[in-house]
Each structure stands twice: as structure tokens, then as C-alpha cells.
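*Asks:* Enclosed is the structure file input-v7.cif (mmCIF, N, CA and C atoms).
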```
data_coords
#
loop_
_atom_site.label_atom_id
_atom_site.label_comp_id
_atom_site.auth_asym_id
_atom_site.auth_seq_id
_atom_site.Cartn_x
_atom_site.Cartn_y
_atom_site.Cartn_z
N MET L 1 57.54 181.02 128.75
CA MET L 1 57.81 181.79 127.56
C MET L 1 59.19 181.40 127.01
N LYS L 2 59.28 181.38 125.72
CA LYS L 2 60.53 180.99 125.09
C LYS L 2 61.53 182.13 125.18
N SER L 3 62.79 181.74 125.23
CA SER L 3 63.83 182.76 125.29
C SER L 3 64.03 183.38 123.91
N ALA L 4 64.71 184.48 123.85
CA ALA L 4 64.96 185.18 122.59
C ALA L 4 65.82 184.34 121.66
N ASN L 5 66.75 183.57 122.23
CA ASN L 5 67.63 182.73 121.41
C ASN L 5 66.85 181.60 120.75
N GLN L 6 65.92 180.99 121.50
CA GLN L 6 65.11 179.92 120.92
C GLN L 6 64.20 180.45 119.83
N LEU L 7 63.63 181.63 120.06
CA LEU L 7 62.77 182.25 119.06
C LEU L 7 63.55 182.58 117.79
N LYS L 8 64.77 183.09 117.98
CA LYS L 8 65.62 183.42 116.83
C LYS L 8 65.96 182.17 116.02
N ARG L 9 66.30 181.07 116.71
CA ARG L 9 66.62 179.83 116.01
C ARG L 9 65.42 179.29 115.25
N ARG L 10 64.24 179.39 115.84
CA ARG L 10 63.03 178.91 115.17
C ARG L 10 62.73 179.74 113.92
N ILE L 11 62.87 181.04 114.02
CA ILE L 11 62.63 181.92 112.87
C ILE L 11 63.66 181.66 111.78
N MET L 12 64.92 181.55 112.16
CA MET L 12 65.97 181.33 111.17
C MET L 12 65.83 179.96 110.50
N ARG L 13 65.35 178.95 111.23
CA ARG L 13 65.12 177.64 110.63
C ARG L 13 64.07 177.75 109.53
N ARG L 14 63.03 178.52 109.77
CA ARG L 14 62.01 178.72 108.75
C ARG L 14 62.57 179.47 107.55
N VAL L 15 63.42 180.44 107.80
CA VAL L 15 64.05 181.19 106.71
C VAL L 15 64.91 180.25 105.87
N TYR L 16 65.68 179.38 106.52
CA TYR L 16 66.53 178.43 105.79
C TYR L 16 65.69 177.45 104.98
N TYR L 17 64.59 176.95 105.54
CA TYR L 17 63.70 176.06 104.79
C TYR L 17 63.14 176.76 103.56
N THR L 18 62.69 177.98 103.76
CA THR L 18 62.11 178.73 102.64
C THR L 18 63.16 178.96 101.55
N PHE L 19 64.37 179.32 101.95
CA PHE L 19 65.44 179.52 100.97
C PHE L 19 65.78 178.23 100.24
N GLY L 20 65.83 177.12 100.97
CA GLY L 20 66.13 175.83 100.35
C GLY L 20 65.08 175.42 99.34
N ILE L 21 63.81 175.64 99.67
CA ILE L 21 62.73 175.31 98.73
C ILE L 21 62.82 176.21 97.51
N ARG L 22 63.16 177.48 97.74
CA ARG L 22 63.27 178.42 96.61
C ARG L 22 64.40 178.00 95.66
N VAL L 23 65.53 177.62 96.21
CA VAL L 23 66.66 177.19 95.38
C VAL L 23 66.34 175.87 94.68
N ALA L 24 65.68 174.94 95.38
CA ALA L 24 65.39 173.63 94.80
C ALA L 24 64.37 173.71 93.67
N THR L 25 63.49 174.70 93.70
CA THR L 25 62.47 174.80 92.67
C THR L 25 62.81 175.83 91.60
N HIS L 26 64.02 176.33 91.60
CA HIS L 26 64.44 177.30 90.58
C HIS L 26 64.56 176.60 89.23
N ALA L 27 64.32 177.32 88.17
CA ALA L 27 64.34 176.73 86.82
C ALA L 27 65.70 176.14 86.47
N THR L 28 66.77 176.80 86.86
CA THR L 28 68.11 176.28 86.57
C THR L 28 68.37 174.98 87.32
N THR L 29 67.91 174.90 88.56
CA THR L 29 68.07 173.66 89.32
C THR L 29 67.30 172.53 88.67
N MET L 30 66.11 172.83 88.20
CA MET L 30 65.31 171.79 87.52
C MET L 30 65.98 171.35 86.22
N HIS L 31 66.53 172.30 85.46
CA HIS L 31 67.25 171.94 84.24
C HIS L 31 68.44 171.04 84.54
N LEU L 32 69.20 171.40 85.58
CA LEU L 32 70.36 170.59 85.93
C LEU L 32 69.94 169.19 86.39
N ALA L 33 68.84 169.09 87.12
CA ALA L 33 68.36 167.79 87.57
C ALA L 33 67.94 166.92 86.37
N VAL L 34 67.25 167.52 85.42
CA VAL L 34 66.85 166.78 84.21
C VAL L 34 68.09 166.38 83.41
N LEU L 35 69.05 167.29 83.30
CA LEU L 35 70.27 166.99 82.54
C LEU L 35 71.07 165.86 83.19
N VAL L 36 71.24 165.93 84.49
CA VAL L 36 72.00 164.89 85.19
C VAL L 36 71.27 163.55 85.11
N GLY L 37 69.97 163.56 85.31
CA GLY L 37 69.20 162.32 85.20
C GLY L 37 69.23 161.73 83.81
N SER L 38 69.16 162.59 82.81
CA SER L 38 69.19 162.10 81.43
C SER L 38 70.55 161.54 81.06
N VAL L 39 71.60 162.19 81.49
CA VAL L 39 72.95 161.68 81.21
C VAL L 39 73.16 160.34 81.92
N TYR L 40 72.66 160.23 83.15
CA TYR L 40 72.76 158.95 83.85
C TYR L 40 71.99 157.86 83.11
N ALA L 41 70.77 158.20 82.66
CA ALA L 41 69.96 157.22 81.92
C ALA L 41 70.63 156.85 80.60
N LEU L 42 71.24 157.81 79.93
CA LEU L 42 71.95 157.51 78.69
C LEU L 42 73.11 156.55 78.94
N GLY L 43 73.82 156.79 80.03
CA GLY L 43 74.90 155.87 80.39
C GLY L 43 74.40 154.49 80.76
N TYR L 44 73.19 154.42 81.28
CA TYR L 44 72.59 153.13 81.64
C TYR L 44 72.18 152.35 80.40
N PHE L 45 71.60 153.03 79.43
CA PHE L 45 71.08 152.35 78.24
C PHE L 45 72.14 152.13 77.16
N VAL L 46 73.20 152.92 77.16
CA VAL L 46 74.22 152.83 76.11
C VAL L 46 75.54 152.43 76.75
N HIS L 47 76.22 151.47 76.14
CA HIS L 47 77.55 151.09 76.61
C HIS L 47 78.54 152.09 76.03
N VAL L 48 78.85 153.10 76.83
CA VAL L 48 79.63 154.24 76.35
C VAL L 48 81.03 153.82 75.92
N ALA L 49 81.64 152.91 76.63
CA ALA L 49 83.00 152.47 76.28
C ALA L 49 83.01 151.80 74.91
N ALA L 50 81.99 151.02 74.61
CA ALA L 50 81.94 150.35 73.30
C ALA L 50 81.71 151.37 72.19
N VAL L 51 80.87 152.37 72.44
CA VAL L 51 80.64 153.40 71.43
C VAL L 51 81.94 154.17 71.19
N TYR L 52 82.64 154.53 72.24
CA TYR L 52 83.91 155.25 72.11
C TYR L 52 84.94 154.41 71.34
N ARG L 53 85.01 153.13 71.67
CA ARG L 53 85.96 152.25 70.99
C ARG L 53 85.61 152.13 69.50
N ASN L 54 84.32 152.04 69.17
CA ASN L 54 83.91 151.94 67.77
C ASN L 54 84.16 153.24 67.01
N VAL L 55 83.89 154.38 67.65
CA VAL L 55 84.11 155.67 66.97
C VAL L 55 85.59 155.90 66.71
N THR L 56 86.43 155.52 67.63
CA THR L 56 87.88 155.73 67.43
C THR L 56 88.48 154.75 66.44
N SER L 57 87.78 153.66 66.12
CA SER L 57 88.35 152.67 65.20
C SER L 57 88.03 152.99 63.74
N ILE L 58 87.15 153.93 63.47
CA ILE L 58 86.81 154.25 62.08
C ILE L 58 87.59 155.49 61.65
N PRO L 59 87.79 155.66 60.37
CA PRO L 59 88.47 156.87 59.88
C PRO L 59 87.64 158.12 60.18
N LEU L 60 88.32 159.23 60.31
CA LEU L 60 87.66 160.48 60.66
C LEU L 60 86.66 160.91 59.59
N SER L 61 86.95 160.62 58.35
CA SER L 61 86.05 161.03 57.26
C SER L 61 84.72 160.27 57.32
N ASP L 62 84.68 159.09 57.93
CA ASP L 62 83.46 158.29 58.03
C ASP L 62 82.73 158.48 59.35
N ALA L 63 83.21 159.37 60.22
CA ALA L 63 82.63 159.52 61.56
C ALA L 63 81.20 160.02 61.50
N ALA L 64 80.91 161.00 60.66
CA ALA L 64 79.54 161.55 60.58
C ALA L 64 78.57 160.48 60.08
N GLY L 65 78.94 159.74 59.08
CA GLY L 65 78.08 158.68 58.58
C GLY L 65 77.87 157.58 59.60
N TYR L 66 78.93 157.23 60.33
CA TYR L 66 78.81 156.21 61.36
C TYR L 66 77.87 156.66 62.47
N LEU L 67 78.02 157.91 62.93
CA LEU L 67 77.16 158.40 64.00
C LEU L 67 75.71 158.52 63.54
N ALA L 68 75.49 158.96 62.30
CA ALA L 68 74.12 159.03 61.78
C ALA L 68 73.51 157.64 61.69
N ASN L 69 74.27 156.67 61.23
CA ASN L 69 73.79 155.30 61.14
C ASN L 69 73.50 154.74 62.54
N ALA L 70 74.36 155.03 63.49
CA ALA L 70 74.16 154.54 64.85
C ALA L 70 72.91 155.13 65.48
N VAL L 71 72.65 156.41 65.24
CA VAL L 71 71.47 157.06 65.80
C VAL L 71 70.21 156.52 65.14
N LEU L 72 70.24 156.30 63.85
CA LEU L 72 69.06 155.83 63.13
C LEU L 72 68.69 154.39 63.48
N HIS L 73 69.65 153.59 63.90
CA HIS L 73 69.39 152.18 64.18
C HIS L 73 69.44 151.85 65.67
N THR L 74 69.17 152.81 66.51
CA THR L 74 69.18 152.57 67.94
C THR L 74 67.76 152.30 68.44
N GLU L 75 67.62 151.90 69.68
CA GLU L 75 66.31 151.62 70.26
C GLU L 75 65.57 152.92 70.55
N GLY L 76 64.26 152.82 70.68
CA GLY L 76 63.43 154.00 70.90
C GLY L 76 63.71 154.71 72.21
N ILE L 77 63.92 153.95 73.29
CA ILE L 77 64.16 154.58 74.59
C ILE L 77 65.48 155.35 74.58
N THR L 78 66.45 154.84 73.86
CA THR L 78 67.73 155.53 73.74
C THR L 78 67.56 156.84 72.98
N MET L 79 66.72 156.83 71.95
CA MET L 79 66.45 158.07 71.21
C MET L 79 65.76 159.10 72.10
N VAL L 80 64.81 158.66 72.92
CA VAL L 80 64.11 159.58 73.83
C VAL L 80 65.08 160.18 74.83
N VAL L 81 65.92 159.36 75.41
CA VAL L 81 66.89 159.85 76.40
C VAL L 81 67.91 160.77 75.74
N LEU L 82 68.36 160.42 74.54
CA LEU L 82 69.30 161.27 73.82
C LEU L 82 68.66 162.63 73.49
N GLY L 83 67.39 162.62 73.12
CA GLY L 83 66.67 163.87 72.87
C GLY L 83 66.53 164.70 74.13
N ALA L 84 66.27 164.05 75.27
CA ALA L 84 66.16 164.78 76.54
C ALA L 84 67.49 165.41 76.92
N VAL L 85 68.59 164.68 76.72
CA VAL L 85 69.92 165.23 77.01
C VAL L 85 70.19 166.44 76.13
N THR L 86 69.89 166.32 74.85
CA THR L 86 70.15 167.41 73.91
C THR L 86 69.32 168.63 74.25
N LEU L 87 68.02 168.45 74.48
CA LEU L 87 67.15 169.59 74.80
C LEU L 87 67.54 170.24 76.13
N ALA L 88 67.86 169.44 77.13
CA ALA L 88 68.24 170.00 78.43
C ALA L 88 69.56 170.77 78.32
N ALA L 89 70.51 170.24 77.55
CA ALA L 89 71.80 170.92 77.40
C ALA L 89 71.66 172.22 76.61
N LEU L 90 70.80 172.22 75.59
CA LEU L 90 70.64 173.42 74.78
C LEU L 90 69.80 174.49 75.48
N SER L 91 68.85 174.09 76.32
CA SER L 91 67.99 175.08 76.98
C SER L 91 68.55 175.54 78.32
N LEU L 92 69.58 174.90 78.83
CA LEU L 92 70.15 175.30 80.12
C LEU L 92 70.67 176.73 80.12
N PRO L 93 71.42 177.18 79.13
CA PRO L 93 71.90 178.58 79.18
C PRO L 93 70.76 179.60 79.18
N MET L 94 69.63 179.26 78.61
CA MET L 94 68.52 180.21 78.58
C MET L 94 67.86 180.38 79.95
N SER L 95 68.06 179.44 80.85
CA SER L 95 67.47 179.55 82.18
C SER L 95 68.38 180.28 83.16
N LEU L 96 69.59 180.57 82.75
CA LEU L 96 70.51 181.27 83.65
C LEU L 96 70.10 182.73 83.78
N PRO L 97 70.18 183.30 84.98
CA PRO L 97 69.73 184.68 85.18
C PRO L 97 70.50 185.70 84.36
N ARG L 98 71.79 185.55 84.21
CA ARG L 98 72.60 186.52 83.47
C ARG L 98 72.19 186.54 82.00
N PHE L 99 71.89 185.37 81.44
CA PHE L 99 71.49 185.27 80.04
C PHE L 99 70.17 186.00 79.81
N LYS L 100 69.24 185.88 80.75
CA LYS L 100 67.95 186.54 80.62
C LYS L 100 68.09 188.05 80.67
N GLN L 101 68.97 188.55 81.53
CA GLN L 101 69.16 189.99 81.64
C GLN L 101 69.78 190.56 80.38
N GLN L 102 70.76 189.89 79.80
CA GLN L 102 71.41 190.38 78.60
C GLN L 102 70.47 190.30 77.40
N GLY L 103 69.63 189.28 77.36
CA GLY L 103 68.75 189.10 76.23
C GLY L 103 67.61 190.14 76.20
N MET L 104 67.33 190.78 77.32
CA MET L 104 66.21 191.71 77.38
C MET L 104 66.63 193.16 77.16
N GLN L 105 67.91 193.42 76.95
CA GLN L 105 68.37 194.78 76.76
C GLN L 105 67.94 195.27 75.38
N ALA L 106 67.56 196.55 75.34
CA ALA L 106 67.16 197.16 74.07
C ALA L 106 68.38 197.54 73.27
N VAL L 107 68.27 197.43 71.97
CA VAL L 107 69.40 197.73 71.08
C VAL L 107 69.24 199.14 70.55
#
```
Translate the structure described by the file into C-alpha cells.

*Replies:*
Amino acid sequence: MKSANQLKRRIMRRVYYTFGIRVATHATTMHLAVLVGSVYALGYFVHVAAVYRNVTSIPLSDAAGYLANAVLHTEGITMVVLGAVTLAALSLPMSLPRFKQQGMQAV
């Protein structure tokens, strides 16, 4: 027969596994994973240093036009990744538990 200490360790190991799976499959964790992956992919497809250097070399009044032109003339995969980054960043606050509780209060 197993000792009480061994039984306790076995039970607690299952509790830790269950908690880890629960945290890993939480909506906020999934949002963060998509956001981090998308930002990494954006950095892979776009030479960020060159974009920064080009943006800083133009006058501030032309920045909006330059960025619009750059987005319109980019590759399709870059547009998809940029859209994923934008959507993940904008929807992340909605998945936070505190935001959901405040949003459901009656006025």
C-alpha cells in the first residue's frame, strides 16, 4: 500500500496538471500567444529597422501619407500578419476578466 505522502504527491501532481491546462487554454493566454506569434511573424517579414529609418527621414506632415502608401503597396502575407497583430491587440482587453465584469454592470 502506498504511503500517505506518496498519495498526496500523486493527487497534487494531478491538481497542478489540471491547473496548468486550465491556464494554458484560457482566452487571454490564447490572445497573448496569437499576439506574440503575430508580432514575431511581422518582424520576420518586415525589416523593422529600415521602416523606422524611412519613417524618421520624412517630414512629420507626410507621415500619414507615407504609412498609407507603404501599407497599400506591401505584400499580401504582410497585410495578413499586420491584420492579425491589429485584431489581437484590439481584442486583448476584451478577454481580460476585469473588463468583462465592468462591462456587464447595469447602469

*Asks:* Could you give me the residues within chain L that DSSP places in helix (DSSP H, G or I), as a ChimeraX atom specification?

*Replies:* /L:4-24,27-45,48-57,60-72,76-95,97-103

*Asks:* Do you have the atom CA of Ser57 of chain L-atom CA of Ser38 of chain L distance handy?

*Replies:*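 Result for atom CA of Ser57 of chain L versus atom CA of Ser38 of chain L: 26.8 Å, one decimal.
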
*Asks:* Find, counting all atoms listed in the file, the residue in L:Gly20, L:Met94, L:Met12, L:Ala88 that gets nearest to Leu32 of chain L.

*Replies:*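 The closest residue to Leu32 of chain L is L:Ala88.
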
*Asks:* When distances are computed from only C-alpha atoms, which of L:Ala89, L:Ala49, L:Leu96, L:Leu72 shows the smallest separation from Ala33 of chain L?

*Replies:*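 Smallest separation from Ala33 of chain L among the options: L:Ala89.
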
*Asks:* Work out how far atom CA of Tyr16 of chain L is from atom CA of Lys2 of chain L, in Å to one decimal.

*Replies:* 20.4 Å

*Asks:* Rank nothing, just name the residue among L:Leu92, L:Ile77, L:Leu7, L:Ala84 nearest to Tyr44 of chain L, using only C-alpha atoms.

*Replies:* L:Ile77

*Asks:* Give the answer as one residue: which of L:Val71, L:Ala27, L:Val55, L:Ala63 has the shortest atom-to-atom distance to Gly83 of chain L, using only C-alpha atoms?

*Replies:*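 Answer, going by the shortest atom-to-atom distance: L:Val71.
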
*Asks:* Could you tell me how far atom CA of Leu87 of chain L sits from atom CA of Thr56 of chain L, in Å to one decimal place?

*Replies:*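 Atom-to-atom, atom CA of Thr56 of chain L to atom CA of Leu87 of chain L, that is 26.0 Å.
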
*Asks:* Pick from L:Phe19, L:Glu75, L:Gln6, L:Val81: nearest to Gly37 of chain L, with all atoms listed in the file counted?

*Replies:* L:Val81

*Asks:* Find the residue from L:Val34, L:Ala50, L:Leu67, L:Ile11 that sits nearest to Val85 of chain L; use only N, CA and C atoms when measuring.

*Replies:* L:Val34
